[in-house]
Amino acid sequence: MSYSLHPIGTIHSPYKEKFAVPRQPRLVPSATASIALQGDINCLEAVRGLEQFSHLWLLFLFDQNLEAGWKPTVRPPRLGGNERIGVLASRATFRPNGIGMSAVEFRGVRQKGQQVFIDVGSVDLVDGTPIIDIKPYIPYSDAITDAKGGYAESEPEATEVTFLPSAVEALSKAPEGEHKQQIIREVLAQDPRPAYKKGKLDDKEYGVRLFDWNVKFKALSDHIVVTAIEASEQ
């Protein structure tokens with residue numbers, strides 16, 4: 001038996017590619033996004049009462065991975081990208097049905113013309129991700145204080161991030177540059193490089209697409225340095 005799912009909205013976030021996305025929600029608390037509802041659910045009646053809740057569950061599709069398929073085992077970044085475990089014992093993006101879930105901060109509802117938006121915070125979704133359902137987060141039921149986190153028991157350690165003067169100057173000329181600098185800092189503090197390179201000296205200069213920029217950076221022995229802020233080609 002098979003079923004069809006139809007997205008109820010699309011998320012608009014600072015993350016323009018998968019490389020930029022934090023591996024879990026809440027790791028980049030300064031990042032905000034908006035969900036543009038679509039179809040019959042694009043109406044204020046559908047979000048009536050949502051303001052009672054502080055957080056939401058987002059169910060979404062890993063749409064960029066669906067054609068690649070999946071495998072029974074994966075290599076989680078938290079295990080260094082070397083050890084294999086079962087896909088169902090992970091939050092890997094390559095899954096049998098390509099469905100993801102994130103608990104995010106609810107920031108409010110707004111309407112622009114006929115379009116209804118749900119604003120959210122602390123997101124970990126790439127720009128353009130299809131949203132297939134939204135549910136309120138219920139603390140007494142969803143927060144399990146004595147739960148075990150297995151190999152991901154604690155939050156990953158953040159890496160210090162610095163900026164070259166030229167990068168700071170470029171940010172100072174941009175609208176909301178200070179806020180965007182903080183988001184860049186929080187994103188790169190998670191070290192988006194392949195897991196086996198984390199904490200290692202790396203001569204390569206990387207680029208990550210955030211907002212309308214290509215943010216270039218290098219990983220030094222004990223921190224990450226932003227080397228340039230350039231206009232994105234896409």
# chains A, B, ... in the order shown; residues from 1 in each chain; ligands from 1
$ closest_atom_pairs --of "region 44-125 of chain A" --to "region 130-133 of chain A" --cutoff "9 Å" --atoms "only C-alpha atoms" --output "JSON lines"
{"residue": "A:Trp57", "atom": "CA", "partner": "A:Asp133", "partner_atom": "CA", "distance": 8.2}
{"residue": "A:Leu58", "atom": "CA", "partner": "A:Asp133", "partner_atom": "CA", "distance": 6.2}
{"residue": "A:Leu59", "atom": "CA", "partner": "A:Asp133", "partner_atom": "CA", "distance": 5.1}
{"residue": "A:Phe60", "atom": "CA", "partner": "A:Ile131", "partner_atom": "CA", "distance": 4.3}
{"residue": "A:Leu61", "atom": "CA", "partner": "A:Pro130", "partner_atom": "CA", "distance": 5.7}
{"residue": "A:Phe62", "atom": "CA", "partner": "A:Pro130", "partner_atom": "CA", "distance": 8.0}
{"residue": "A:Asp63", "atom": "CA", "partner": "A:Pro130", "partner_atom": "CA", "distance": 7.2}
{"residue": "A:Ile99", "atom": "CA", "partner": "A:Ile132", "partner_atom": "CA", "distance": 8.9}
$ write_last_selection --atoms "N, CA, C and O atoms" --output "CSV table (one decimal), in the first residue's frame"
chain,number,residue,atom,x,y,z
A,57,TRP,N,6.5,21.5,16.0
A,57,TRP,CA,7.1,20.4,15.3
A,57,TRP,C,6.9,20.6,13.8
A,57,TRP,O,5.8,20.8,13.3
A,58,LEU,N,8.0,20.6,13.0
A,58,LEU,CA,7.9,20.7,11.6
A,58,LEU,C,8.2,19.3,11.0
A,58,LEU,O,9.2,18.7,11.3
A,59,LEU,N,7.3,18.8,10.2
A,59,LEU,CA,7.6,17.6,9.4
A,59,LEU,C,7.8,18.0,8.0
A,59,LEU,O,7.0,18.8,7.4
A,60,PHE,N,8.9,17.5,7.4
A,60,PHE,CA,9.3,18.0,6.1
A,60,PHE,C,9.9,16.9,5.2
A,60,PHE,O,10.2,15.8,5.7
A,61,LEU,N,10.2,17.2,4.0
A,61,LEU,CA,10.8,16.2,3.1
A,61,LEU,C,12.2,16.6,2.8
A,61,LEU,O,12.5,17.8,2.6
A,62,PHE,N,13.1,15.6,2.8
A,62,PHE,CA,14.5,15.8,2.4
A,62,PHE,C,14.5,15.8,0.9
A,62,PHE,O,15.0,14.8,0.3
A,63,ASP,N,13.9,16.8,0.3
A,63,ASP,CA,13.6,16.7,-1.2
A,63,ASP,C,14.8,16.6,-2.0
A,63,ASP,O,14.8,16.1,-3.1
A,99,ILE,N,11.6,11.6,5.2
A,99,ILE,CA,10.8,12.5,6.0
A,99,ILE,C,11.7,12.9,7.2
A,99,ILE,O,12.4,12.1,7.8
$ residues_around --residues "region 180-189 of chain A" --least-positions-apart "2" --cutoff "7 Å" --atoms "only C-alpha atoms" --output "ChimeraX atom specification"
/A:22,28,30-31,158-161,171,176-178,191-192
$ residues_around --residues "region 3-12 of chain A" --least-positions-apart "6" --cutoff "6 Å" --atoms "only C-alpha atoms" --output "list in words"
Ala33, Ser34, Ile35, Ala36, Leu37, Gln38, Asp127, Gly128, Thr129, Pro130, Ile131 and Ile132 of chain A
$ closest_residue --among "A:Glu169, A:Glu45, A:Glu83, A:Asp40" --to "Tyr196 (chain A)" --atoms "only C-alpha atoms"
A:Glu83
$ residues_around --residues "Tyr137 (chain A)" --least-positions-apart "3" --cutoff "7 Å" --atoms "only C-alpha atoms" --output "list of chain:residue names"
A:His55, A:Leu56, A:Trp57, A:Asp142
$ select_by_dssp --residues "region 30-223 of chain A" --states "strand (DSSP E or B)" --output "JSON, numbers by chain"
{"A": [32, 33, 34, 35, 36, 37, 55, 56, 57, 58, 59, 60, 61, 73, 74, 85, 86, 99, 100, 101, 102, 103, 104, 105, 106, 107, 108, 109, 110, 111, 112, 115, 116, 117, 118, 119, 120, 121, 130, 131, 132, 133, 134, 135, 136, 160, 161, 162, 163, 202, 203, 204, 205, 206, 207, 208, 209, 210, 213, 214, 215, 216, 217, 218, 219, 223]}
$ residues_around --residues "Arg23 (chain A)" --least-positions-apart "3" --cutoff "12 Å" --atoms "only C-alpha atoms" --output "PyMOL selection string"
chain A and resi 18-20+26-28+76-78+90-93+100-102+122-126+152+155-156+187-195
$ atom_distance --atom1 "CA of Asn214 (chain A)" --atom2 "CA of Ile229 (chain A)"
6.1 Å
$ atom_distance --atom1 "CA of Asp202 (chain A)" --atom2 "CA of Val168 (chain A)"
22.5 Å
$ closest_residue --among "A:Asn82, A:Asn97, A:Asn65, A:Thr227" --to "Glu205 (chain A)" --atoms "only C-alpha atoms"
A:Thr227
$ atom_distance --atom1 "CA of Gly81 (chain A)" --atom2 "CA of Ser154 (chain A)"
17.3 Å
$ closest_residue --among "A:Phe106, A:Lys197, A:Tyr206, A:Ser13" --to "Lys135 (chain A)" --atoms "only C-alpha atoms"
A:Phe106
$ closest_residue --among "A:Arg48, A:Pro29, A:Tyr140, A:Trp70" --to "Val104 (chain A)" --atoms "only C-alpha atoms"
A:Pro29
$ closest_residue --among "A:Ile138, A:Glu157, A:Phe163, A:Leu44" --to "Lys218 (chain A)" --atoms "only C-alpha atoms"
A:Phe163
$ closest_residue --among "A:Met1, A:Ile144, A:Leu201, A:Val74" --to "Arg95 (chain A)" --atoms "only C-alpha atoms"
A:Val74
$ select_by_dssp --residues "region 130-233 of chain A" --states "alpha helix (DSSP H)" --output "list in words"
Pro139, Tyr140, Ser141, Asp142, Pro165, Ser166, Ala167, Val168, Glu169, Ala170, Leu171, Ser172, Gly177, Glu178, His179, Lys180, Gln181, Gln182, Ile183, Ile184, Arg185, Glu186, Val187 and Leu188 of chain A
